[in-house]
Amino acid sequence: MDDSTLCNCLNCQLKARWQKYYERSDQVIREHPDAYRQILSLLDEVCENILDIEAYFNTASRISGLLKTMGPGTVFFNYFYVHIDPAKCGDVRYFRIICRDLREQIRALNQWRRDRRRVHLVQRRRPGEGAFRT
């Protein structure tokens with residue numbers, strides 16, 4: 001058993017909740033890689049470029065539709081879907097800030113994903129040493 005199941009403190013509960021969000025998010029990214037790439041692209045566009053006020057509604061609607069595709073229980077959905085969608089609580093005044101925050105959450109998720117996977121470099125050996133080495 002891991003320590004989070006033995007301890008009932010708030011910190012351990014929050015860590016366990018984030019672990020579930022990250023695991024679900026990782027699964028959804030593998031199920032919807034195109035939607036994930038589109039989210040990243042749109043977030044970069046919003047955060048790095050000037051967004052005309054007339055383009056806000058369409059851009060926010062596209063991002064929120066993609067976030068809805070990712071579904072509940074993910075780092076994408078629980079807070080960001082409601083606060084980006086202009087038909088819900090989305091507000092043009094906070095749009096760029098929320099997109100930046102979502103981008104930071106995605107960076108943290110990607111770091112978690114990298115840390116979870118062990119990658120081994122497989123190299124060919126020189127002649128006479130055998131087939132491969134790690």
# chains A, B, ... in the order shown; residues from 1 in each chain; ligands from 1

$ residues_around --residues "Phe80 of chain A" --least-positions-apart "4" --cutoff "9 Å" --atoms "only C-alpha atoms" --output "ChimeraX atom specification"
/A:64,67,75-76,84-85,98-99,101-102

$ write_last_selection --atoms "C-alpha atoms" --output "PDB file, in the first residue's frame"
ATOM      1  CA  SER A  64     -14.294  24.687 -24.429  1.00  0.00           C
ATOM      2  CA  LEU A  67     -12.162  20.479 -23.165  1.00  0.00           C
ATOM      3  CA  VAL A  75      -7.209  18.468 -15.289  1.00  0.00           C
ATOM      4  CA  PHE A  76      -8.798  19.956 -18.394  1.00  0.00           C
ATOM      5  CA  ILE A  84     -13.432  29.227 -20.573  1.00  0.00           C
ATOM      6  CA  ASP A  85     -16.822  28.462 -22.136  1.00  0.00           C
ATOM      7  CA  ILE A  98      -7.237  31.229 -17.540  1.00  0.00           C
ATOM      8  CA  CYS A  99      -5.632  29.918 -20.737  1.00  0.00           C
ATOM      9  CA  ASP A 101      -3.204  28.747 -16.082  1.00  0.00           C
ATOM     10  CA  LEU A 102      -4.492  25.800 -18.108  1.00  0.00           C
TER      11      LEU A 102
END

$ residues_around --residues "His32 of chain A" --least-positions-apart "5" --cutoff "9 Å" --atoms "only C-alpha atoms" --output "list in words"
Gln27, Arg37, Thr69 and Met70 of chain A

$ atom_distance --atom1 "atom CA of Val82 of chain A" --atom2 "atom CA of Leu66 of chain A"
12.2 Å

$ closest_residue --among "A:Arg118, A:Lys88, A:Arg30, A:Arg24" --to "Phe57 of chain A" --atoms "only C-alpha atoms"
A:Lys88

$ closest_residue --among "A:Cys89, A:Leu10, A:Ala35, A:Cys47" --to "Ile63 of chain A" --atoms "only C-alpha atoms"
A:Ala35

$ select_by_dssp --residues "segment 3-132 of chain A" --states "helix (DSSP H, G or I)" --output "PDB file with N, CA and C atoms, in the first residue's frame"
ATOM      1  N   ASP A   3       1.461   5.383   0.944  1.00  0.00           N
ATOM      2  CA  ASP A   3       1.227   6.181   2.140  1.00  0.00           C
ATOM      3  C   ASP A   3      -0.091   6.934   2.110  1.00  0.00           C
ATOM      4  N   SER A   4      -0.603   7.295   0.930  1.00  0.00           N
ATOM      5  CA  SER A   4      -1.824   8.096   0.843  1.00  0.00           C
ATOM      6  C   SER A   4      -3.044   7.322   1.330  1.00  0.00           C
ATOM      7  N   THR A   5      -3.026   5.969   1.274  1.00  0.00           N
ATOM      8  CA  THR A   5      -4.159   5.198   1.760  1.00  0.00           C
ATOM      9  C   THR A   5      -4.107   5.045   3.272  1.00  0.00           C
ATOM     10  N   LEU A   6      -2.939   5.189   3.867  1.00  0.00           N
ATOM     11  CA  LEU A   6      -2.808   5.048   5.310  1.00  0.00           C
ATOM     12  C   LEU A   6      -3.086   6.361   6.031  1.00  0.00           C
ATOM     13  N   LEU A  10      -5.264  16.157   5.031  1.00  0.00           N
ATOM     14  CA  LEU A  10      -5.697  16.903   3.857  1.00  0.00           C
ATOM     15  C   LEU A  10      -4.662  16.851   2.737  1.00  0.00           C
ATOM     16  N   ASN A  11      -3.386  16.965   3.089  1.00  0.00           N
ATOM     17  CA  ASN A  11      -2.330  16.925   2.081  1.00  0.00           C
ATOM     18  C   ASN A  11      -2.346  15.602   1.315  1.00  0.00           C
ATOM     19  N   CYS A  12      -2.478  14.509   2.007  1.00  0.00           N
ATOM     20  CA  CYS A  12      -2.505  13.201   1.352  1.00  0.00           C
ATOM     21  C   CYS A  12      -3.773  13.024   0.526  1.00  0.00           C
ATOM     22  N   GLN A  13      -4.875  13.552   1.006  1.00  0.00           N
ATOM     23  CA  GLN A  13      -6.116  13.485   0.238  1.00  0.00           C
ATOM     24  C   GLN A  13      -5.995  14.269  -1.069  1.00  0.00           C
ATOM     25  N   LEU A  14      -5.384  15.449  -0.998  1.00  0.00           N
ATOM     26  CA  LEU A  14      -5.194  16.257  -2.203  1.00  0.00           C
ATOM     27  C   LEU A  14      -4.246  15.577  -3.187  1.00  0.00           C
ATOM     28  N   LYS A  15      -3.169  14.987  -2.659  1.00  0.00           N
ATOM     29  CA  LYS A  15      -2.233  14.270  -3.537  1.00  0.00           C
ATOM     30  C   LYS A  15      -2.929  13.105  -4.226  1.00  0.00           C
ATOM     31  N   ALA A  16      -3.758  12.372  -3.491  1.00  0.00           N
ATOM     32  CA  ALA A  16      -4.480  11.239  -4.069  1.00  0.00           C
ATOM     33  C   ALA A  16      -5.469  11.719  -5.136  1.00  0.00           C
ATOM     34  N   ARG A  17      -6.130  12.842  -4.879  1.00  0.00           N
ATOM     35  CA  ARG A  17      -7.070  13.388  -5.856  1.00  0.00           C
ATOM     36  C   ARG A  17      -6.348  13.811  -7.129  1.00  0.00           C
ATOM     37  N   TRP A  18      -5.189  14.498  -6.982  1.00  0.00           N
ATOM     38  CA  TRP A  18      -4.424  14.900  -8.162  1.00  0.00           C
ATOM     39  C   TRP A  18      -3.900  13.694  -8.918  1.00  0.00           C
ATOM     40  N   GLN A  19      -3.511  12.669  -8.194  1.00  0.00           N
ATOM     41  CA  GLN A  19      -3.050  11.435  -8.841  1.00  0.00           C
ATOM     42  C   GLN A  19      -4.154  10.876  -9.735  1.00  0.00           C
ATOM     43  N   LYS A  20      -5.387  10.851  -9.235  1.00  0.00           N
ATOM     44  CA  LYS A  20      -6.514  10.360 -10.034  1.00  0.00           C
ATOM     45  C   LYS A  20      -6.761  11.249 -11.241  1.00  0.00           C
ATOM     46  N   TYR A  21      -6.701  12.570 -11.053  1.00  0.00           N
ATOM     47  CA  TYR A  21      -6.868  13.499 -12.177  1.00  0.00           C
ATOM     48  C   TYR A  21      -5.801  13.263 -13.238  1.00  0.00           C
ATOM     49  N   TYR A  22      -4.561  13.125 -12.806  1.00  0.00           N
ATOM     50  CA  TYR A  22      -3.468  12.907 -13.747  1.00  0.00           C
ATOM     51  C   TYR A  22      -3.627  11.580 -14.486  1.00  0.00           C
ATOM     52  N   GLU A  23      -3.984  10.539 -13.774  1.00  0.00           N
ATOM     53  CA  GLU A  23      -4.155   9.241 -14.418  1.00  0.00           C
ATOM     54  C   GLU A  23      -5.288   9.279 -15.434  1.00  0.00           C
ATOM     55  N   ARG A  24      -6.401   9.889 -15.066  1.00  0.00           N
ATOM     56  CA  ARG A  24      -7.530  10.007 -15.996  1.00  0.00           C
ATOM     57  C   ARG A  24      -7.148  10.881 -17.189  1.00  0.00           C
ATOM     58  N   SER A  25      -6.435  11.964 -16.933  1.00  0.00           N
ATOM     59  CA  SER A  25      -6.014  12.862 -18.011  1.00  0.00           C
ATOM     60  C   SER A  25      -5.082  12.149 -18.976  1.00  0.00           C
ATOM     61  N   ASP A  26      -4.158  11.367 -18.455  1.00  0.00           N
ATOM     62  CA  ASP A  26      -3.232  10.606 -19.291  1.00  0.00           C
ATOM     63  C   ASP A  26      -3.997   9.640 -20.181  1.00  0.00           C
ATOM     64  N   GLN A  27      -4.977   8.976 -19.624  1.00  0.00           N
ATOM     65  CA  GLN A  27      -5.801   8.037 -20.384  1.00  0.00           C
ATOM     66  C   GLN A  27      -6.564   8.772 -21.491  1.00  0.00           C
ATOM     67  N   VAL A  28      -7.133   9.912 -21.181  1.00  0.00           N
ATOM     68  CA  VAL A  28      -7.918  10.671 -22.156  1.00  0.00           C
ATOM     69  C   VAL A  28      -7.024  11.219 -23.267  1.00  0.00           C
ATOM     70  N   ILE A  29      -5.812  11.637 -22.929  1.00  0.00           N
ATOM     71  CA  ILE A  29      -4.876  12.124 -23.949  1.00  0.00           C
ATOM     72  C   ILE A  29      -4.563  11.013 -24.943  1.00  0.00           C
ATOM     73  N   ARG A  30      -4.396   9.798 -24.445  1.00  0.00           N
ATOM     74  CA  ARG A  30      -4.132   8.676 -25.337  1.00  0.00           C
ATOM     75  C   ARG A  30      -5.351   8.331 -26.182  1.00  0.00           C
ATOM     76  N   GLU A  31      -6.567   8.572 -25.656  1.00  0.00           N
ATOM     77  CA  GLU A  31      -7.791   8.294 -26.406  1.00  0.00           C
ATOM     78  C   GLU A  31      -8.097   9.382 -27.439  1.00  0.00           C
ATOM     79  N   PRO A  33      -5.801  12.050 -28.952  1.00  0.00           N
ATOM     80  CA  PRO A  33      -4.561  12.812 -29.163  1.00  0.00           C
ATOM     81  C   PRO A  33      -4.749  14.045 -30.052  1.00  0.00           C
ATOM     82  N   ASP A  34      -5.652  13.970 -31.021  1.00  0.00           N
ATOM     83  CA  ASP A  34      -5.868  15.125 -31.901  1.00  0.00           C
ATOM     84  C   ASP A  34      -6.490  16.293 -31.136  1.00  0.00           C
ATOM     85  N   ALA A  35      -7.465  15.994 -30.290  1.00  0.00           N
ATOM     86  CA  ALA A  35      -8.084  17.049 -29.483  1.00  0.00           C
ATOM     87  C   ALA A  35      -7.053  17.674 -28.543  1.00  0.00           C
ATOM     88  N   TYR A  36      -6.186  16.846 -27.979  1.00  0.00           N
ATOM     89  CA  TYR A  36      -5.137  17.342 -27.092  1.00  0.00           C
ATOM     90  C   TYR A  36      -4.191  18.279 -27.833  1.00  0.00           C
ATOM     91  N   ARG A  37      -3.769  17.878 -29.019  1.00  0.00           N
ATOM     92  CA  ARG A  37      -2.884  18.735 -29.818  1.00  0.00           C
ATOM     93  C   ARG A  37      -3.563  20.046 -30.204  1.00  0.00           C
ATOM     94  N   GLN A  38      -4.845  19.988 -30.525  1.00  0.00           N
ATOM     95  CA  GLN A  38      -5.582  21.206 -30.868  1.00  0.00           C
ATOM     96  C   GLN A  38      -5.691  22.141 -29.663  1.00  0.00           C
ATOM     97  N   ILE A  39      -5.917  21.576 -28.478  1.00  0.00           N
ATOM     98  CA  ILE A  39      -5.966  22.393 -27.258  1.00  0.00           C
ATOM     99  C   ILE A  39      -4.634  23.104 -27.061  1.00  0.00           C
ATOM    100  N   LEU A  40      -3.538  22.363 -27.173  1.00  0.00           N
ATOM    101  CA  LEU A  40      -2.217  22.967 -27.006  1.00  0.00           C
ATOM    102  C   LEU A  40      -1.972  24.072 -28.021  1.00  0.00           C
ATOM    103  N   SER A  41      -2.359  23.833 -29.250  1.00  0.00           N
ATOM    104  CA  SER A  41      -2.165  24.817 -30.309  1.00  0.00           C
ATOM    105  C   SER A  41      -2.975  26.081 -30.043  1.00  0.00           C
ATOM    106  N   LEU A  42      -4.231  25.913 -29.676  1.00  0.00           N
ATOM    107  CA  LEU A  42      -5.079  27.076 -29.395  1.00  0.00           C
ATOM    108  C   LEU A  42      -4.596  27.845 -28.166  1.00  0.00           C
ATOM    109  N   LEU A  43      -4.147  27.123 -27.152  1.00  0.00           N
ATOM    110  CA  LEU A  43      -3.627  27.803 -25.961  1.00  0.00           C
ATOM    111  C   LEU A  43      -2.387  28.610 -26.295  1.00  0.00           C
ATOM    112  N   ASP A  44      -1.505  28.039 -27.108  1.00  0.00           N
ATOM    113  CA  ASP A  44      -0.317  28.787 -27.528  1.00  0.00           C
ATOM    114  C   ASP A  44      -0.706  30.024 -28.313  1.00  0.00           C
ATOM    115  N   GLU A  45      -1.683  29.875 -29.187  1.00  0.00           N
ATOM    116  CA  GLU A  45      -2.142  31.013 -29.985  1.00  0.00           C
ATOM    117  C   GLU A  45      -2.704  32.122 -29.097  1.00  0.00           C
ATOM    118  N   VAL A  46      -3.509  31.756 -28.120  1.00  0.00           N
ATOM    119  CA  VAL A  46      -4.122  32.743 -27.221  1.00  0.00           C
ATOM    120  C   VAL A  46      -3.065  33.391 -26.329  1.00  0.00           C
ATOM    121  N   CYS A  47      -2.161  32.592 -25.791  1.00  0.00           N
ATOM    122  CA  CYS A  47      -1.194  33.104 -24.815  1.00  0.00           C
ATOM    123  C   CYS A  47      -0.051  33.888 -25.444  1.00  0.00           C
ATOM    124  N   GLU A  48       0.303  33.566 -26.670  1.00  0.00           N
ATOM    125  CA  GLU A  48       1.478  34.171 -27.277  1.00  0.00           C
ATOM    126  C   GLU A  48       1.171  35.279 -28.286  1.00  0.00           C
ATOM    127  N   ILE A  53     -10.849  40.953 -30.165  1.00  0.00           N
ATOM    128  CA  ILE A  53     -12.047  40.756 -29.352  1.00  0.00           C
ATOM    129  C   ILE A  53     -13.133  40.037 -30.145  1.00  0.00           C
ATOM    130  N   GLU A  54     -13.161  40.243 -31.448  1.00  0.00           N
ATOM    131  CA  GLU A  54     -14.159  39.580 -32.284  1.00  0.00           C
ATOM    132  C   GLU A  54     -13.891  38.082 -32.400  1.00  0.00           C
ATOM    133  N   ALA A  55     -12.658  37.676 -32.243  1.00  0.00           N
ATOM    134  CA  ALA A  55     -12.301  36.260 -32.341  1.00  0.00           C
ATOM    135  C   ALA A  55     -12.457  35.531 -31.013  1.00  0.00           C
ATOM    136  N   TYR A  56     -12.699  36.273 -29.940  1.00  0.00           N
ATOM    137  CA  TYR A  56     -12.779  35.660 -28.612  1.00  0.00           C
ATOM    138  C   TYR A  56     -13.836  34.566 -28.550  1.00  0.00           C
ATOM    139  N   PHE A  57     -15.054  34.884 -28.956  1.00  0.00           N
ATOM    140  CA  PHE A  57     -16.162  33.939 -28.792  1.00  0.00           C
ATOM    141  C   PHE A  57     -15.882  32.632 -29.520  1.00  0.00           C
ATOM    142  N   ASN A  58     -15.451  32.705 -30.775  1.00  0.00           N
ATOM    143  CA  ASN A  58     -15.171  31.485 -31.545  1.00  0.00           C
ATOM    144  C   ASN A  58     -14.010  30.696 -30.949  1.00  0.00           C
ATOM    145  N   THR A  59     -12.952  31.393 -30.545  1.00  0.00           N
ATOM    146  CA  THR A  59     -11.783  30.710 -29.972  1.00  0.00           C
ATOM    147  C   THR A  59     -12.142  30.059 -28.647  1.00  0.00           C
ATOM    148  N   ALA A  60     -12.829  30.797 -27.785  1.00  0.00           N
ATOM    149  CA  ALA A  60     -13.235  30.247 -26.486  1.00  0.00           C
ATOM    150  C   ALA A  60     -14.182  29.067 -26.662  1.00  0.00           C
ATOM    151  N   SER A  61     -15.086  29.167 -27.622  1.00  0.00           N
ATOM    152  CA  SER A  61     -16.020  28.068 -27.885  1.00  0.00           C
ATOM    153  C   SER A  61     -15.289  26.833 -28.397  1.00  0.00           C
ATOM    154  N   ARG A  62     -14.306  27.029 -29.265  1.00  0.00           N
ATOM    155  CA  ARG A  62     -13.525  25.899 -29.776  1.00  0.00           C
ATOM    156  C   ARG A  62     -12.757  25.220 -28.651  1.00  0.00           C
ATOM    157  N   ILE A  63     -12.093  26.024 -27.804  1.00  0.00           N
ATOM    158  CA  ILE A  63     -11.332  25.441 -26.685  1.00  0.00           C
ATOM    159  C   ILE A  63     -12.259  24.707 -25.731  1.00  0.00           C
ATOM    160  N   SER A  64     -13.386  25.331 -25.382  1.00  0.00           N
ATOM    161  CA  SER A  64     -14.294  24.687 -24.429  1.00  0.00           C
ATOM    162  C   SER A  64     -14.895  23.412 -25.011  1.00  0.00           C
ATOM    163  N   GLY A  65     -15.166  23.394 -26.321  1.00  0.00           N
ATOM    164  CA  GLY A  65     -15.655  22.170 -26.950  1.00  0.00           C
ATOM    165  C   GLY A  65     -14.637  21.047 -26.875  1.00  0.00           C
ATOM    166  N   LEU A  66     -13.365  21.396 -27.086  1.00  0.00           N
ATOM    167  CA  LEU A  66     -12.299  20.394 -26.970  1.00  0.00           C
ATOM    168  C   LEU A  66     -12.128  19.933 -25.528  1.00  0.00           C
ATOM    169  N   LEU A  67     -12.260  20.858 -24.586  1.00  0.00           N
ATOM    170  CA  LEU A  67     -12.162  20.479 -23.165  1.00  0.00           C
ATOM    171  C   LEU A  67     -13.305  19.554 -22.779  1.00  0.00           C
ATOM    172  N   LYS A  68     -14.482  19.818 -23.336  1.00  0.00           N
ATOM    173  CA  LYS A  68     -15.629  18.949 -23.061  1.00  0.00           C
ATOM    174  C   LYS A  68     -15.370  17.544 -23.601  1.00  0.00           C
ATOM    175  N   THR A  69     -14.687  17.462 -24.750  1.00  0.00           N
ATOM    176  CA  THR A  69     -14.316  16.170 -25.318  1.00  0.00           C
ATOM    177  C   THR A  69     -13.415  15.400 -24.354  1.00  0.00           C
ATOM    178  N   MET A  70     -12.526  16.115 -23.678  1.00  0.00           N
ATOM    179  CA  MET A  70     -11.615  15.463 -22.737  1.00  0.00           C
ATOM    180  C   MET A  70     -12.377  14.903 -21.538  1.00  0.00           C
ATOM    181  N   PHE A  80     -11.544  24.393 -15.804  1.00  0.00           N
ATOM    182  CA  PHE A  80     -11.291  25.196 -16.995  1.00  0.00           C
ATOM    183  C   PHE A  80     -12.444  25.193 -17.992  1.00  0.00           C
ATOM    184  N   TYR A  81     -13.137  24.091 -18.131  1.00  0.00           N
ATOM    185  CA  TYR A  81     -14.243  24.042 -19.082  1.00  0.00           C
ATOM    186  C   TYR A  81     -15.276  25.121 -18.768  1.00  0.00           C
ATOM    187  N   VAL A  82     -15.684  25.205 -17.526  1.00  0.00           N
ATOM    188  CA  VAL A  82     -16.710  26.177 -17.125  1.00  0.00           C
ATOM    189  C   VAL A  82     -16.204  27.608 -17.251  1.00  0.00           C
ATOM    190  N   HIS A  83     -14.943  27.855 -16.913  1.00  0.00           N
ATOM    191  CA  HIS A  83     -14.422  29.214 -16.894  1.00  0.00           C
ATOM    192  C   HIS A  83     -13.918  29.702 -18.251  1.00  0.00           C
ATOM    193  N   ILE A  84     -13.810  28.810 -19.222  1.00  0.00           N
ATOM    194  CA  ILE A  84     -13.432  29.227 -20.573  1.00  0.00           C
ATOM    195  C   ILE A  84     -14.666  29.342 -21.463  1.00  0.00           C
ATOM    196  N   VAL A  92     -14.423  37.381 -21.083  1.00  0.00           N
ATOM    197  CA  VAL A  92     -13.354  37.823 -21.968  1.00  0.00           C
ATOM    198  C   VAL A  92     -12.219  38.482 -21.185  1.00  0.00           C
ATOM    199  N   ARG A  93     -12.530  39.122 -20.069  1.00  0.00           N
ATOM    200  CA  ARG A  93     -11.499  39.814 -19.291  1.00  0.00           C
ATOM    201  C   ARG A  93     -10.476  38.861 -18.694  1.00  0.00           C
ATOM    202  N   TYR A  94     -10.881  37.642 -18.418  1.00  0.00           N
ATOM    203  CA  TYR A  94      -9.997  36.677 -17.757  1.00  0.00           C
ATOM    204  C   TYR A  94      -9.565  35.540 -18.678  1.00  0.00           C
ATOM    205  N   PHE A  95      -9.951  35.609 -19.925  1.00  0.00           N
ATOM    206  CA  PHE A  95      -9.722  34.501 -20.856  1.00  0.00           C
ATOM    207  C   PHE A  95      -8.243  34.158 -20.994  1.00  0.00           C
ATOM    208  N   ARG A  96      -7.410  35.129 -21.263  1.00  0.00           N
ATOM    209  CA  ARG A  96      -5.976  34.859 -21.462  1.00  0.00           C
ATOM    210  C   ARG A  96      -5.338  34.322 -20.178  1.00  0.00           C
ATOM    211  N   ILE A  97      -5.706  34.851 -19.048  1.00  0.00           N
ATOM    212  CA  ILE A  97      -5.147  34.398 -17.771  1.00  0.00           C
ATOM    213  C   ILE A  97      -5.533  32.946 -17.501  1.00  0.00           C
ATOM    214  N   ILE A  98      -6.782  32.605 -17.753  1.00  0.00           N
ATOM    215  CA  ILE A  98      -7.237  31.229 -17.540  1.00  0.00           C
ATOM    216  C   ILE A  98      -6.547  30.292 -18.521  1.00  0.00           C
ATOM    217  N   CYS A  99      -6.350  30.749 -19.758  1.00  0.00           N
ATOM    218  CA  CYS A  99      -5.632  29.918 -20.737  1.00  0.00           C
ATOM    219  C   CYS A  99      -4.186  29.697 -20.300  1.00  0.00           C
ATOM    220  N   ARG A 100      -3.566  30.716 -19.754  1.00  0.00           N
ATOM    221  CA  ARG A 100      -2.193  30.553 -19.251  1.00  0.00           C
ATOM    222  C   ARG A 100      -2.154  29.572 -18.086  1.00  0.00           C
ATOM    223  N   ASP A 101      -3.139  29.662 -17.215  1.00  0.00           N
ATOM    224  CA  ASP A 101      -3.204  28.747 -16.082  1.00  0.00           C
ATOM    225  C   ASP A 101      -3.415  27.311 -16.567  1.00  0.00           C
ATOM    226  N   LEU A 102      -4.284  27.137 -17.544  1.00  0.00           N
ATOM    227  CA  LEU A 102      -4.492  25.800 -18.108  1.00  0.00           C
ATOM    228  C   LEU A 102      -3.213  25.278 -18.748  1.00  0.00           C
ATOM    229  N   ARG A 103      -2.505  26.133 -19.432  1.00  0.00           N
ATOM    230  CA  ARG A 103      -1.239  25.722 -20.055  1.00  0.00           C
ATOM    231  C   ARG A 103      -0.238  25.282 -18.993  1.00  0.00           C
ATOM    232  N   GLU A 104      -0.201  25.969 -17.857  1.00  0.00           N
ATOM    233  CA  GLU A 104       0.695  25.559 -16.764  1.00  0.00           C
ATOM    234  C   GLU A 104       0.265  24.219 -16.166  1.00  0.00           C
ATOM    235  N   GLN A 105      -1.039  24.005 -16.050  1.00  0.00           N
ATOM    236  CA  GLN A 105      -1.533  22.711 -15.557  1.00  0.00           C
ATOM    237  C   GLN A 105      -1.134  21.588 -16.512  1.00  0.00           C
ATOM    238  N   ILE A 106      -1.212  21.865 -17.799  1.00  0.00           N
ATOM    239  CA  ILE A 106      -0.823  20.863 -18.796  1.00  0.00           C
ATOM    240  C   ILE A 106       0.677  20.592 -18.721  1.00  0.00           C
ATOM    241  N   ARG A 107       1.477  21.632 -18.498  1.00  0.00           N
ATOM    242  CA  ARG A 107       2.926  21.423 -18.335  1.00  0.00           C
ATOM    243  C   ARG A 107       3.209  20.531 -17.132  1.00  0.00           C
ATOM    244  N   ALA A 108       2.507  20.764 -16.019  1.00  0.00           N
ATOM    245  CA  ALA A 108       2.688  19.920 -14.835  1.00  0.00           C
ATOM    246  C   ALA A 108       2.256  18.485 -15.129  1.00  0.00           C
ATOM    247  N   LEU A 109       1.159  18.328 -15.854  1.00  0.00           N
ATOM    248  CA  LEU A 109       0.700  16.998 -16.242  1.00  0.00           C
ATOM    249  C   LEU A 109       1.738  16.309 -17.119  1.00  0.00           C
ATOM    250  N   ASN A 110       2.289  17.027 -18.081  1.00  0.00           N
ATOM    251  CA  ASN A 110       3.293  16.438 -18.964  1.00  0.00           C
ATOM    252  C   ASN A 110       4.560  16.048 -18.201  1.00  0.00           C
ATOM    253  N   GLN A 111       4.948  16.841 -17.216  1.00  0.00           N
ATOM    254  CA  GLN A 111       6.097  16.487 -16.379  1.00  0.00           C
ATOM    255  C   GLN A 111       5.802  15.209 -15.602  1.00  0.00           C
ATOM    256  N   TRP A 112       4.600  15.102 -15.053  1.00  0.00           N
ATOM    257  CA  TRP A 112       4.190  13.895 -14.338  1.00  0.00           C
ATOM    258  C   TRP A 112       4.225  12.690 -15.276  1.00  0.00           C
ATOM    259  N   ARG A 113       3.749  12.886 -16.498  1.00  0.00           N
ATOM    260  CA  ARG A 113       3.752  11.795 -17.476  1.00  0.00           C
ATOM    261  C   ARG A 113       5.175  11.369 -17.815  1.00  0.00           C
ATOM    262  N   ARG A 114       6.090  12.336 -17.969  1.00  0.00           N
ATOM    263  CA  ARG A 114       7.491  12.006 -18.264  1.00  0.00           C
ATOM    264  C   ARG A 114       8.138  11.279 -17.087  1.00  0.00           C
ATOM    265  N   ASP A 115       7.853  11.738 -15.882  1.00  0.00           N
ATOM    266  CA  ASP A 115       8.462  11.114 -14.701  1.00  0.00           C
ATOM    267  C   ASP A 115       7.965   9.691 -14.484  1.00  0.00           C
ATOM    268  N   ARG A 116       6.784   9.388 -14.925  1.00  0.00           N
ATOM    269  CA  ARG A 116       6.179   8.083 -14.731  1.00  0.00           C
ATOM    270  C   ARG A 116       6.753   7.020 -15.645  1.00  0.00           C
TER     271      ARG A 116
END

$ select_by_dssp --residues "chain A" --states "strand (DSSP E or B)" --output "PyMOL selection string"
chain A and resi 123-124+132-133

$ write_last_selection --atoms "C-alpha atoms" --output "mmCIF file, in the first residue's frame"
data_model
loop_
_atom_site.group_PDB
_atom_site.id
_atom_site.type_symbol
_atom_site.label_atom_id
_atom_site.label_comp_id
_atom_site.auth_asym_id
_atom_site.auth_seq_id
_atom_site.Cartn_x
_atom_site.Cartn_y
_atom_site.Cartn_z
ATOM 1 C CA GLN A 123 22.162 1.012 -28.737
ATOM 2 C CA ARG A 124 23.787 -1.369 -31.138
ATOM 3 C CA PHE A 132 22.165 -4.803 -28.069
ATOM 4 C CA ARG A 133 22.975 -3.094 -24.810
#

$ atom_distance --atom1 "atom CA of Pro72 of chain A" --atom2 "atom CA of Ala87 of chain A"
17.7 Å
